[in-house]
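Colleague: Next up is a structure, given as C-alpha cells.
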2 protein chains.
Amino acid sequence: VSDIVFLNGAFVARDRALVPVDDRGFLFGDGVYEVVRLVAGRYVDGDRHRDRLARSLAELRLEGGIEDGTALLDIGLDLLARNRIGVGGQALVYLQVTRGVARRRHAFPPAGTPPTVFVAASGFVPQRDLMETGVAAVTHPDLRWHRCDIKSVNLLPNVLANQKATEQGAYEAILVRDGVVTEGTRSNVFAVVDGVLRTHPTGPAILPGVTRAVVVELAREAGLHVEERAFSAAELAKAAEVFATGTTTDVTPVVAVDGRAVGSGQPGPVARRLGALLTARMTSLPD
Amino acid sequence: VSDIVFLNGAFVARDRALVPVDDRGFLFGDGVYEVVRLVAGRYVDGDRHRDRLARSLAELRLEGGIEDGTALLDIGLDLLARNRIGVGGQALVYLQVTRGVARRRHAFPPAGTPPTVFVAASGFVPQRDLMETGVAAVTHPDLRWHRCDIKSVNLLPNVLANQKATEQGAYEAILVRDGVVTEGTRSNVFAVVDGVLRTHPTGPAILPGVTRAVVVELAREAGLHVEERAFSAAELAKAAEVFATGTTTDVTPVVAVDGRAVGSGQPGPVARRLGALLTARMTSLPD
C-alpha cells in the first residue's frame, strides 16, 4: 500500500501524488527542500530547519502562500499519524516547495502563481552500524554552483558525485573546490588536524547544516578546540580523524578516504564522543 | 483547449500531463532538455540538437530507454500534426528526459528504472522587433555549476539571473565569471572588440550553442575575423557591438549593457549581417 503524502492542500496516496510537467520544479529545479528528523514523535531542531527553509525561500524570493514554515511542520506531524508511523521509532519529514506551475520561461511566473508544496513522512532507522564501524569516502571535485548555502533541488552535481562514491563502495563523496574541502554531497565534513577540530565556515560554499551547527556547539561545550576554518585536501589526507554530519548521518566517522586509512583506520575518540553527545541530546530535547 | 504533449509513451492533454512527485526531475533536477526550432515544418539543425541531447544524456549516464534521439524528434513532428500547428509558420519542440521515478536517494536508482520522457510542441513567432531595435542587457555574476556544457534542468541560477534582468527591463543577463563574460542565461554572447568578433570558447563554462556554432561558421564564411576567445567584462563595456544568439534568439543585437549604450546604441553592422545570413540559412536548409 502506498503511504499518504501532502500535495498542494490535499492528503493523497503517494503513487497518486502528481505534479504537472509545467511545474517549475520539474522544468528548472526551481525549488527548495528540507529533511527533518523526529525522535519520539518530536522534531529535532524543528525551529532551525524551519528557519533555514524560510531563508532558502527568501533567497529564491519564493514567498507567496508559504506564510509559515510551522504549518508545514504541522503537516508533517499529521502525516505521521495518517501513516501510522509510531512515535516509538524515529521518522523523517521531507518538505519541498517549488515556484509552481506556469508556461515555461526563465523569469518568474506572474505574481500570485501558487507555489507547489509537497510534504512526505517516513519511518527512519539510524545506521548505527556505520556509526560504529565508520565508513569509506572518496574525494571529488566540487562542481556545484556558488550558492550552496541555499538548500535547492538543483542537486545534479550532488547526484553525480554521490553516484561515483557509491560505485566505489563509499558512503559519501567529499567535495574539494580549489584544493579546499567544502562538504559532502549530503553531509558536512569535519576533520581533526593537528589536534584542532575543523570544518568549513558557513557562507556560499556550503550548506549551513543544522547538525553541523549543533556538533560545533557540542564540541565547544565539551571543551574541544574547534575552528570553523576550511582545511585543504592535503590536510584531509593527513587528518587524525574525519567525520560527516547531517540530519540522517548524525556523526558518522570516515575511516578511509580514497582508499587510504584515516588515522588508525578506526573511528576516533572525537567522533565517538560527539556522536554520543549528539545522540544524548536528540533523546533529551525539551518540549 | 489544452494542447497535446507526449509523456512516457502516451499522447495526453497538457493539463493532464503529470509526473509523480518522486520523479528525479522534480526532486533533484536530474534531467536534460533541448529546444528545437522548426521552419516550414522542418527542424533547423535537428541533427545537431539530437547529437547534443545524446551528449547531455551520456554525461549524466542517463541511457536506458533513450536509444535514439531521432525518435524523440519524430514525436515532435507528430505533435505538430496532432496540435494542428501549421507548417506555414514556425514552431518549437521541447524535449526533456529525466532519470525516472524512484524512492528518493542521491545515487542513481536501480538499473532498468525507465527514464521520464516529455515532448511538447508549440507555434513560434520570432521576435523580429527586438532583432530590429536591439535589446538591453545587464551583467550578472555567473554563479552556475562547472559543467554548463551539459544542458541540464538545474537552471535555478539562470532563473534568478534572468529574473533580475527582467526586473530591470532587460532582455537578458550576461553572466560574468572571474571577470570573464561566459554567456547569457539562455543565449550565447558575442562581442566585436577592436574589430574582432569574439565569443567564449566551448568547454565546461558554457553551453555549446547550436546557433552559436552556426553563427561562427557564417561569420567565417563571410570573411569576418572571428575568434573563439573569451572577452572580459571590461572589453564588453567598450565593445563596438554585442549580440546574443540562440535557438529562439537568432542574432539579437544588444544595444545597451547595464544602462550604457553599446557603440552607437543601435544594432551594428556585424549583428545585422549575421542575423540576415542566419535567417537566410534557416529558410533555405536542404532536406
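The way I read the labels, and the way they are meant: chains A, B, ... in the order of the C-alpha cells, residue 1 as the first residue of every chain, and ligand 1 as the first ligand shown, with later ones counted on from there.
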Excluding same-chain residues fewer than 3 positions from Val216 of chain A, what lies within 10 Å of it counting only C-alpha atoms, as an MDAnalysis selection string?
Modeller: chainID A and resid 190 197:199 211:213 219:222 224:228 274
Colleague: Could the residues in this selection be saved with N, CA and C atoms as a compact mmCIF listing (two decimals), in the first residue's frame?
Modeller:
# COMPACT_ATOMS: atom_id res chain seq x y z
N PHE A 190 33.91 17.23 8.85
CA PHE A 190 34.83 17.73 9.86
C PHE A 190 36.13 16.92 9.79
N LEU A 197 39.76 20.53 15.81
CA LEU A 197 38.60 20.08 15.05
C LEU A 197 38.18 21.20 14.11
N ARG A 198 38.23 20.93 12.82
CA ARG A 198 37.95 21.98 11.85
C ARG A 198 36.84 21.59 10.90
N THR A 199 36.10 22.58 10.43
CA THR A 199 35.09 22.38 9.39
C THR A 199 34.95 23.69 8.63
N THR A 211 22.86 19.96 11.82
CA THR A 211 23.66 19.07 12.66
C THR A 211 25.09 19.59 12.78
N ARG A 212 25.60 20.15 11.68
CA ARG A 212 26.93 20.78 11.73
C ARG A 212 27.00 21.81 12.86
N ALA A 213 25.99 22.70 12.91
CA ALA A 213 25.99 23.75 13.93
C ALA A 213 25.88 23.16 15.33
N ALA A 219 30.83 20.37 20.64
CA ALA A 219 32.29 20.25 20.76
C ALA A 219 32.83 21.35 21.65
N ARG A 220 32.30 22.56 21.48
CA ARG A 220 32.77 23.69 22.31
C ARG A 220 32.39 23.46 23.77
N GLU A 221 31.15 23.01 23.97
CA GLU A 221 30.71 22.73 25.34
C GLU A 221 31.58 21.65 25.99
N ALA A 222 32.07 20.73 25.16
CA ALA A 222 32.91 19.64 25.68
C ALA A 222 34.36 20.07 25.85
N LEU A 224 36.45 21.02 23.50
CA LEU A 224 37.34 20.75 22.38
C LEU A 224 37.73 22.04 21.69
N HIS A 225 38.88 22.01 21.07
CA HIS A 225 39.34 23.15 20.28
C HIS A 225 38.71 23.03 18.89
N VAL A 226 37.74 23.89 18.61
CA VAL A 226 37.02 23.84 17.34
C VAL A 226 37.29 25.11 16.57
N GLU A 227 37.56 24.97 15.30
CA GLU A 227 37.68 26.16 14.44
C GLU A 227 36.85 25.96 13.19
N GLU A 228 35.99 26.94 12.92
CA GLU A 228 35.27 26.93 11.65
C GLU A 228 36.20 27.54 10.61
N LEU A 274 31.52 12.95 20.15
CA LEU A 274 30.50 13.87 19.63
C LEU A 274 29.26 13.10 19.18
Colleague: For chain B, work out the contacting residues on chain A at 8 Å, counting only C-alpha atoms, and write them as a PyMOL selection string.
Modeller: chain A and resi 14-21+25-30+60+106-108+118+143-147+153-160+162-163+166
Colleague: Would you export the selected residues with C-alpha atoms as a PDB file, in the first residue's frame, please?
Modeller:
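What follows is the written file out_2.pdb:
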ATOM      1  CA  ARG A  14       1.982   8.747  -2.766  1.00  0.00           C
ATOM      2  CA  ASP A  15       1.524   6.925  -6.068  1.00  0.00           C
ATOM      3  CA  ARG A  16      -1.225   9.400  -6.930  1.00  0.00           C
ATOM      4  CA  ALA A  17       0.759  12.473  -5.898  1.00  0.00           C
ATOM      5  CA  LEU A  18       1.434  14.025  -9.281  1.00  0.00           C
ATOM      6  CA  VAL A  19       2.663  17.395 -10.466  1.00  0.00           C
ATOM      7  CA  PRO A  20       2.150  18.917 -13.904  1.00  0.00           C
ATOM      8  CA  VAL A  21       5.061  18.728 -16.330  1.00  0.00           C
ATOM      9  CA  GLY A  25      10.447  22.143 -10.027  1.00  0.00           C
ATOM     10  CA  PHE A  26      10.408  19.705 -12.932  1.00  0.00           C
ATOM     11  CA  LEU A  27      11.414  22.217 -15.645  1.00  0.00           C
ATOM     12  CA  PHE A  28      14.015  24.315 -13.782  1.00  0.00           C
ATOM     13  CA  GLY A  29      14.720  22.738 -10.403  1.00  0.00           C
ATOM     14  CA  ASP A  30      13.202  25.993  -9.159  1.00  0.00           C
ATOM     15  CA  LEU A  60      14.698  32.378  -4.096  1.00  0.00           C
ATOM     16  CA  HIS A 106      13.099  31.500 -17.189  1.00  0.00           C
ATOM     17  CA  ALA A 107      11.834  34.583 -15.368  1.00  0.00           C
ATOM     18  CA  PHE A 108       9.369  34.216 -12.522  1.00  0.00           C
ATOM     19  CA  PHE A 118       4.929  18.687  -1.078  1.00  0.00           C
ATOM     20  CA  LEU A 143      31.417  21.353  -9.342  1.00  0.00           C
ATOM     21  CA  ARG A 144      28.352  22.896  -7.726  1.00  0.00           C
ATOM     22  CA  TRP A 145      27.070  26.419  -8.091  1.00  0.00           C
ATOM     23  CA  HIS A 146      28.200  29.256  -5.850  1.00  0.00           C
ATOM     24  CA  ARG A 147      25.154  29.442  -3.587  1.00  0.00           C
ATOM     25  CA  VAL A 153      16.630  20.946  -5.541  1.00  0.00           C
ATOM     26  CA  ASN A 154      19.309  21.783  -8.137  1.00  0.00           C
ATOM     27  CA  LEU A 155      21.120  18.674  -6.953  1.00  0.00           C
ATOM     28  CA  LEU A 156      22.551  17.208 -10.147  1.00  0.00           C
ATOM     29  CA  PRO A 157      26.217  17.707  -9.186  1.00  0.00           C
ATOM     30  CA  ASN A 158      25.497  16.116  -5.813  1.00  0.00           C
ATOM     31  CA  VAL A 159      23.803  13.202  -7.572  1.00  0.00           C
ATOM     32  CA  LEU A 160      26.707  12.606  -9.949  1.00  0.00           C
ATOM     33  CA  ASN A 162      27.344  10.617  -4.845  1.00  0.00           C
ATOM     34  CA  GLN A 163      26.929   8.017  -7.591  1.00  0.00           C
ATOM     35  CA  THR A 166      28.522   4.610  -4.392  1.00  0.00           C
TER      36      THR A 166
END
Colleague: Near Ala234 of chain A, counting only C-alpha atoms, which residues have an atom at most 12 Å away, once you skip same-chain residues fewer than 2 positions from it, shown as a PDB file with all heavy atoms, in the first residue's frame?
Modeller:
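selection-v6.pdb was written with the following content:
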ATOM      1  N   THR A 139      37.216  11.488  -2.464  1.00  0.00           N
ATOM      2  CA  THR A 139      37.175  12.914  -2.777  1.00  0.00           C
ATOM      3  C   THR A 139      36.695  13.088  -4.218  1.00  0.00           C
ATOM      4  O   THR A 139      36.855  12.190  -5.061  1.00  0.00           O
ATOM      5  CB  THR A 139      38.557  13.564  -2.607  1.00  0.00           C
ATOM      6  OG1 THR A 139      39.505  12.877  -3.417  1.00  0.00           O
ATOM      7  CG2 THR A 139      39.000  13.517  -1.155  1.00  0.00           C
ATOM      8  N   VAL A 176      35.816  18.876  -3.069  1.00  0.00           N
ATOM      9  CA  VAL A 176      37.016  19.708  -2.969  1.00  0.00           C
ATOM     10  C   VAL A 176      36.950  20.778  -4.048  1.00  0.00           C
ATOM     11  O   VAL A 176      36.843  20.477  -5.230  1.00  0.00           O
ATOM     12  CB  VAL A 176      38.296  18.861  -3.148  1.00  0.00           C
ATOM     13  CG1 VAL A 176      39.540  19.755  -3.064  1.00  0.00           C
ATOM     14  CG2 VAL A 176      38.361  17.736  -2.119  1.00  0.00           C
ATOM     15  N   ASP A 178      38.986  24.137  -5.452  1.00  0.00           N
ATOM     16  CA  ASP A 178      40.233  24.894  -5.400  1.00  0.00           C
ATOM     17  C   ASP A 178      41.150  24.388  -4.283  1.00  0.00           C
ATOM     18  O   ASP A 178      41.765  25.166  -3.552  1.00  0.00           O
ATOM     19  CB  ASP A 178      39.942  26.397  -5.191  1.00  0.00           C
ATOM     20  CG  ASP A 178      39.110  26.982  -6.331  1.00  0.00           C
ATOM     21  OD1 ASP A 178      39.201  26.478  -7.467  1.00  0.00           O
ATOM     22  OD2 ASP A 178      38.355  27.937  -6.067  1.00  0.00           O
ATOM     23  N   GLY A 179      41.188  23.057  -4.143  1.00  0.00           N
ATOM     24  CA  GLY A 179      42.095  22.461  -3.173  1.00  0.00           C
ATOM     25  C   GLY A 179      41.568  22.415  -1.756  1.00  0.00           C
ATOM     26  O   GLY A 179      42.226  21.872  -0.865  1.00  0.00           O
ATOM     27  N   VAL A 180      40.365  22.982  -1.545  1.00  0.00           N
ATOM     28  CA  VAL A 180      39.807  23.095  -0.195  1.00  0.00           C
ATOM     29  C   VAL A 180      38.596  22.172  -0.054  1.00  0.00           C
ATOM     30  O   VAL A 180      37.754  22.095  -0.951  1.00  0.00           O
ATOM     31  CB  VAL A 180      39.378  24.559   0.070  1.00  0.00           C
ATOM     32  CG1 VAL A 180      38.515  24.671   1.328  1.00  0.00           C
ATOM     33  CG2 VAL A 180      40.605  25.445   0.178  1.00  0.00           C
ATOM     34  N   VAL A 181      38.512  21.463   1.065  1.00  0.00           N
ATOM     35  CA  VAL A 181      37.347  20.627   1.339  1.00  0.00           C
ATOM     36  C   VAL A 181      36.176  21.527   1.731  1.00  0.00           C
ATOM     37  O   VAL A 181      36.294  22.336   2.665  1.00  0.00           O
ATOM     38  CB  VAL A 181      37.645  19.628   2.476  1.00  0.00           C
ATOM     39  CG1 VAL A 181      36.372  18.903   2.907  1.00  0.00           C
ATOM     40  CG2 VAL A 181      38.715  18.635   2.034  1.00  0.00           C
ATOM     41  N   ALA A 191      37.221  17.519  10.226  1.00  0.00           N
ATOM     42  CA  ALA A 191      38.486  16.789  10.350  1.00  0.00           C
ATOM     43  C   ALA A 191      39.228  17.270  11.582  1.00  0.00           C
ATOM     44  O   ALA A 191      39.127  18.448  11.958  1.00  0.00           O
ATOM     45  CB  ALA A 191      39.349  16.993   9.103  1.00  0.00           C
ATOM     46  N   VAL A 193      42.735  18.033  12.635  1.00  0.00           N
ATOM     47  CA  VAL A 193      44.038  18.296  12.025  1.00  0.00           C
ATOM     48  C   VAL A 193      44.930  18.950  13.081  1.00  0.00           C
ATOM     49  O   VAL A 193      44.579  20.017  13.607  1.00  0.00           O
ATOM     50  CB  VAL A 193      43.895  19.239  10.801  1.00  0.00           C
ATOM     51  CG1 VAL A 193      45.265  19.485  10.165  1.00  0.00           C
ATOM     52  CG2 VAL A 193      42.913  18.687   9.778  1.00  0.00           C
ATOM     53  N   ALA A 230      38.355  26.327   7.003  1.00  0.00           N
ATOM     54  CA  ALA A 230      38.444  25.275   5.986  1.00  0.00           C
ATOM     55  C   ALA A 230      39.770  24.540   6.082  1.00  0.00           C
ATOM     56  O   ALA A 230      40.776  25.098   6.526  1.00  0.00           O
ATOM     57  CB  ALA A 230      38.280  25.883   4.595  1.00  0.00           C
ATOM     58  N   PHE A 231      39.755  23.278   5.669  1.00  0.00           N
ATOM     59  CA  PHE A 231      41.010  22.517   5.572  1.00  0.00           C
ATOM     60  C   PHE A 231      41.169  22.054   4.135  1.00  0.00           C
ATOM     61  O   PHE A 231      40.204  21.901   3.397  1.00  0.00           O
ATOM     62  CB  PHE A 231      41.047  21.353   6.570  1.00  0.00           C
ATOM     63  CG  PHE A 231      39.824  20.478   6.565  1.00  0.00           C
ATOM     64  CD1 PHE A 231      39.775  19.340   5.772  1.00  0.00           C
ATOM     65  CD2 PHE A 231      38.716  20.791   7.343  1.00  0.00           C
ATOM     66  CE1 PHE A 231      38.655  18.520   5.771  1.00  0.00           C
ATOM     67  CE2 PHE A 231      37.588  19.993   7.347  1.00  0.00           C
ATOM     68  CZ  PHE A 231      37.549  18.857   6.558  1.00  0.00           C
ATOM     69  N   SER A 232      42.430  21.854   3.789  1.00  0.00           N
ATOM     70  CA  SER A 232      42.737  21.504   2.401  1.00  0.00           C
ATOM     71  C   SER A 232      42.621  19.995   2.188  1.00  0.00           C
ATOM     72  O   SER A 232      42.536  19.217   3.143  1.00  0.00           O
ATOM     73  CB  SER A 232      44.157  21.950   2.065  1.00  0.00           C
ATOM     74  OG  SER A 232      45.071  21.187   2.827  1.00  0.00           O
ATOM     75  N   LEU A 236      43.219  17.010   4.787  1.00  0.00           N
ATOM     76  CA  LEU A 236      42.291  15.882   4.901  1.00  0.00           C
ATOM     77  C   LEU A 236      43.067  14.564   4.890  1.00  0.00           C
ATOM     78  O   LEU A 236      42.798  13.654   5.680  1.00  0.00           O
ATOM     79  CB  LEU A 236      41.291  15.918   3.744  1.00  0.00           C
ATOM     80  CG  LEU A 236      40.324  14.739   3.636  1.00  0.00           C
ATOM     81  CD1 LEU A 236      39.265  14.819   4.730  1.00  0.00           C
ATOM     82  CD2 LEU A 236      39.649  14.706   2.253  1.00  0.00           C
ATOM     83  N   ALA A 237      44.036  14.489   3.988  1.00  0.00           N
ATOM     84  CA  ALA A 237      44.775  13.233   3.796  1.00  0.00           C
ATOM     85  C   ALA A 237      45.619  12.873   5.010  1.00  0.00           C
ATOM     86  O   ALA A 237      45.930  11.703   5.223  1.00  0.00           O
ATOM     87  CB  ALA A 237      45.642  13.336   2.544  1.00  0.00           C
ATOM     88  N   LYS A 238      45.974  13.871   5.819  1.00  0.00           N
ATOM     89  CA  LYS A 238      46.811  13.580   6.995  1.00  0.00           C
ATOM     90  C   LYS A 238      46.043  13.740   8.304  1.00  0.00           C
ATOM     91  O   LYS A 238      46.632  13.703   9.385  1.00  0.00           O
ATOM     92  CB  LYS A 238      48.052  14.480   6.992  1.00  0.00           C
ATOM     93  CG  LYS A 238      47.743  15.952   7.226  1.00  0.00           C
ATOM     94  CD  LYS A 238      48.987  16.764   7.612  1.00  0.00           C
ATOM     95  CE  LYS A 238      48.581  18.141   8.104  1.00  0.00           C
ATOM     96  NZ  LYS A 238      49.670  18.960   8.604  1.00  0.00           N
ATOM     97  N   ALA A 239      44.726  13.937   8.208  1.00  0.00           N
ATOM     98  CA  ALA A 239      43.930  14.168   9.418  1.00  0.00           C
ATOM     99  C   ALA A 239      43.934  12.946  10.319  1.00  0.00           C
ATOM    100  O   ALA A 239      43.968  11.806   9.846  1.00  0.00           O
ATOM    101  CB  ALA A 239      42.493  14.527   9.029  1.00  0.00           C
ATOM    102  N   VAL A 257      39.705   7.432   3.223  1.00  0.00           N
ATOM    103  CA  VAL A 257      39.452   8.415   2.164  1.00  0.00           C
ATOM    104  C   VAL A 257      40.277   8.021   0.942  1.00  0.00           C
ATOM    105  O   VAL A 257      41.502   7.850   1.048  1.00  0.00           O
ATOM    106  CB  VAL A 257      39.824   9.845   2.617  1.00  0.00           C
ATOM    107  CG1 VAL A 257      39.682  10.826   1.450  1.00  0.00           C
ATOM    108  CG2 VAL A 257      38.955  10.288   3.783  1.00  0.00           C
TER     109      VAL A 257
END
Colleague: Tell me, which residues of segment 102-267 of chain A carry DSSP strand (DSSP E), written as an MDAnalysis selection string?
Modeller: chainID A and resid 116:124 135:141 172:177 180:184 188:193 196:199 226:227 241:246 250:257 260:261
Colleague: Mind writing the picked residues with C-alpha atoms as a tab-separated table (two decimals), in the first residue's frame?
Modeller:
chain	number	residue	atom	x	y	z
A	116	THR	CA	3.79	23.74	-5.21
A	117	VAL	CA	4.02	22.33	-1.69
A	118	PHE	CA	4.93	18.69	-1.08
A	119	VAL	CA	5.37	17.01	2.30
A	120	ALA	CA	6.11	13.35	2.96
A	121	ALA	CA	6.89	11.34	6.08
A	122	SER	CA	8.58	8.02	6.60
A	123	GLY	CA	9.90	5.87	9.40
A	124	PHE	CA	13.63	6.10	9.95
A	135	VAL	CA	32.61	4.45	6.50
A	136	ALA	CA	34.74	4.96	3.42
A	137	ALA	CA	34.66	8.21	1.46
A	138	VAL	CA	36.19	9.41	-1.78
A	139	THR	CA	37.17	12.91	-2.78
A	140	HIS	CA	35.53	14.50	-5.79
A	141	PRO	CA	35.77	17.93	-7.43
A	172	GLU	CA	30.00	9.74	0.70
A	173	ALA	CA	31.94	11.92	-1.73
A	174	ILE	CA	33.92	14.67	-0.03
A	175	LEU	CA	33.87	17.69	-2.30
A	176	VAL	CA	37.02	19.71	-2.97
A	177	ARG	CA	36.97	23.17	-4.55
A	180	VAL	CA	39.81	23.10	-0.19
A	181	VAL	CA	37.35	20.63	1.34
A	182	THR	CA	33.88	22.17	1.35
A	183	GLU	CA	31.47	19.44	2.45
A	184	GLY	CA	29.92	16.16	1.31
A	188	ASN	CA	29.03	18.40	6.23
A	189	VAL	CA	32.58	17.23	6.83
A	190	PHE	CA	34.83	17.73	9.86
A	191	ALA	CA	38.49	16.79	10.35
A	192	VAL	CA	40.84	16.72	13.31
A	193	VAL	CA	44.04	18.30	12.03
A	196	VAL	CA	42.11	21.02	16.13
A	197	LEU	CA	38.60	20.08	15.05
A	198	ARG	CA	37.95	21.98	11.85
A	199	THR	CA	35.09	22.38	9.39
A	226	VAL	CA	37.02	23.84	17.34
A	227	GLU	CA	37.68	26.16	14.44
A	241	GLU	CA	40.03	11.88	12.28
A	242	VAL	CA	37.41	12.71	9.68
A	243	PHE	CA	33.66	12.55	10.09
A	244	ALA	CA	30.46	13.51	8.32
A	245	THR	CA	27.44	15.13	9.94
A	246	GLY	CA	23.86	15.52	8.84
A	250	ASP	CA	24.40	12.11	12.74
A	251	VAL	CA	28.15	11.86	13.37
A	252	THR	CA	29.45	9.16	11.04
A	253	PRO	CA	33.19	8.51	11.26
A	254	VAL	CA	35.07	8.37	7.97
A	255	VAL	CA	37.80	5.77	8.38
A	256	ALA	CA	39.13	5.72	4.81
A	257	VAL	CA	39.45	8.41	2.16
A	260	ARG	CA	43.74	5.20	2.44
A	261	ALA	CA	43.07	4.74	6.14
Colleague: Enter the distance from atom CA of Leu38 of chain A to atom CA of Met131 of chain A, in Å, rounded to one decimal.
Modeller: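 Computed distance, atom CA of Leu38 of chain A to atom CA of Met131 of chain A, equals 18.7 Å.
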